[in-house]
2 protein chains.
Amino acid sequence: MPRKTDKRVRLIEAAKVLIHQKGFNQTTLADIAQEADVPLGNVYYYFKTKEAIGEAVIEKRAVEFTEFFSKLDENSDPRARLMSLIQFGTEDLELTARYGCSVGGLCQELGKQGGSLADQAAKLLHDLLMWCETQFRSLGFGDKSADLALNMVSNIQGIFLLTHTFKDPKLAIRQAKVLQEWLEKLTTGVRGTTTSTTKQVAAEVA
Amino acid sequence: MPRKTDKRVRLIEAAKVLIHQKGFNQTTLADIAQEADVPLGNVYYYFKTKEAIGEAVIEKRAVEFTEFFSKLDENSDPRARLMSLIQFGTEDLELTARYGCSVGGLCQELGKQGGSLADQAAKLLHDLLMWCETQFRSLGFGDKSADLALNMVSNIQGIFLLTHTFKDPKLAIRQAKVLQEWLEKLTTGVRGTTTSTTKQVAAEVA
DNA sequence: GTCTATATACAGATAGAC
DNA sequence: GTCTATCTGTATATAGAC
């Protein structure tokens, strides 16, 4: 592997971490260069602008999201997949308490500024939303699926914000329990395949 | 009222709006001075530092929060108060879609930086959380009240973030309906006063 | 109390030697 | 491809006349 790729990767990784920790605007190119052990002036050989680095970081996040969904999809039924999603939300809580959700934080910050970076960040949350909706649809919730997905992602993002605000991982633990119970009650008697019968059951429960 | 107070008030109001729109770090003193129609150099007569302006803005938000709670408390029973809170979340949604939640945004941004400003911003969300918990406690939910409050505030903050991220007020409308239905089912058969009977009912429902 | 001019620091970005 | 030195703009903050 040529050093070119190596440095590029290092810069993206450094930027990814620092942007999560300090936010995009508060992260300087000097910060990134230092963290990646690359001289400041050399950064511009790999990225024309700071925005280009932001773009690369979000693309990296998108790849990680895809891998994450693949992992979740290994669960045999959609209900277990959604449960896994909630479970993963209780990992790395020290990081979440310190710096909040890496994706939610980007959407919040960049959303105010508009532009293509904001759109790219929003797509990450959109993908998560769509993934959840797919699971609910597979469980037979039909037209209710979008609302259920919205409720779930909303809940997750909200508890991340509170966990960060109060610097208290226990909040996320508590809410994860609540969310899992909600999902359990919601899917009681519902199978993972979409048939006319399960659709009726799901519609009734919802 | 002396002009001194007038300019101070104008600066705080301008800062409040701009910080909501652009975030604290992205709002410059020049921005604030211009918006308040005060010469840049004069700003420092009223506030020693930019942080001092941030402090004043958060204090203003705290006052508005208190007034807001007073308004909500005008409802006769706690259930109606919580319903009102959800209802208020569906007002000014164009603003929320454009700039997100003014308080949530501050907590997110300042939380990463730490310091006293972050603590002050966090206190705003804490007050909201405590207010909600008080309502649930009045409804007889006892020890479940903290979790219910957490769930509610978490949900509200989450949907604000999504509304902002996707620039779509309809999302907040949809989720408000879901939240209200949740609250309705939760409090079915529960009265607004705390007696041993209602406590049992509430505990059972929760 | 008010306001212009400016000091100081640091950000993103570039030039050009190697 | 790499890296030092630096340009340019802009931010917070100050000095000091009025």
# chains A, B, ... in the order shown; residues from 1 in each chain; ligands from 1
call {"tool": "residues_around", "arguments": {"residues": "Gly111 (chain A)", "least_positions_apart": "3", "cutoff": "12 Å", "atoms": "only C-alpha atoms (C1' of nucleotides)", "output": "number ranges by chain"}}
result
A: 24, 103-108, 114-123; B: 20-23, 96-101, 105, 160-167
call {"tool": "closest_atom_pairs", "arguments": {"of": "chain C", "to": "chain A", "cutoff": "8 Å", "atoms": "only C-alpha atoms (C1' of nucleotides)", "output": "JSON lines"}}
result
{"residue": "C:DA11", "atom": "C1'", "partner": "A:Thr28", "partner_atom": "CA", "distance": 7.4}
{"residue": "C:DG12", "atom": "C1'", "partner": "A:Lys50", "partner_atom": "CA", "distance": 7.7}
{"residue": "C:DA13", "atom": "C1'", "partner": "A:Thr49", "partner_atom": "CA", "distance": 8.0}
call {"tool": "atom_distance", "arguments": {"atom1": "C1' of DT14 (chain C)", "atom2": "CA of Ile32 (chain A)"}}
result
18.4 Å
call {"tool": "interface_residues", "arguments": {"of": "chain D", "to": "chain A", "cutoff": "9 Å", "atoms": "only C-alpha atoms (C1' of nucleotides)", "output": "list in words"}}
result
DG1, DT2, DC3 and DT4 of chain D
call {"tool": "write_last_selection", "arguments": {"atoms": "C-alpha atoms (C1' of nucleotides)", "output": "PDB file, in the first residue's frame"}}
result
ATOM      1  C1'  DG D   1       4.846  13.508  -3.302  1.00  0.00           C
ATOM      2  C1'  DT D   2       6.545  16.248   0.630  1.00  0.00           C
ATOM      3  C1'  DC D   3       7.051  20.094   3.652  1.00  0.00           C
ATOM      4  C1'  DT D   4       8.372  25.056   5.230  1.00  0.00           C
TER       5       DT D   4
END
call {"tool": "residues_around", "arguments": {"residues": "region 83-85 of chain B", "least_positions_apart": "5", "cutoff": "8 Å", "atoms": "only C-alpha atoms (C1' of nucleotides)", "output": "list of chain:residue names"}}
result
B:Leu72, B:Gln180, B:Leu183
call {"tool": "select_by_dssp", "arguments": {"residues": "region 40-201 of chain A", "states": "helix (DSSP H, G or I)", "output": "ChimeraX atom specification"}}
result
/A:40-46,50-73,78-88,93-99,102-113,115-138,142-166,169-186,196-201
call {"tool": "atom_distance", "arguments": {"atom1": "CA of Ile86 (chain B)", "atom2": "CA of Ile156 (chain B)"}}
result
7.9 Å
call {"tool": "closest_residue", "arguments": {"among": "A:Val9, A:Ala52, A:Ala14, A:Ala149", "to": "chain B", "atoms": "only C-alpha atoms"}}
result
A:Ala149
call {"tool": "closest_residue", "arguments": {"among": "A:Thr134, A:Ser102, A:Ser145, A:Asn25", "to": "chain B", "atoms": "only C-alpha atoms"}}
result
A:Asn25
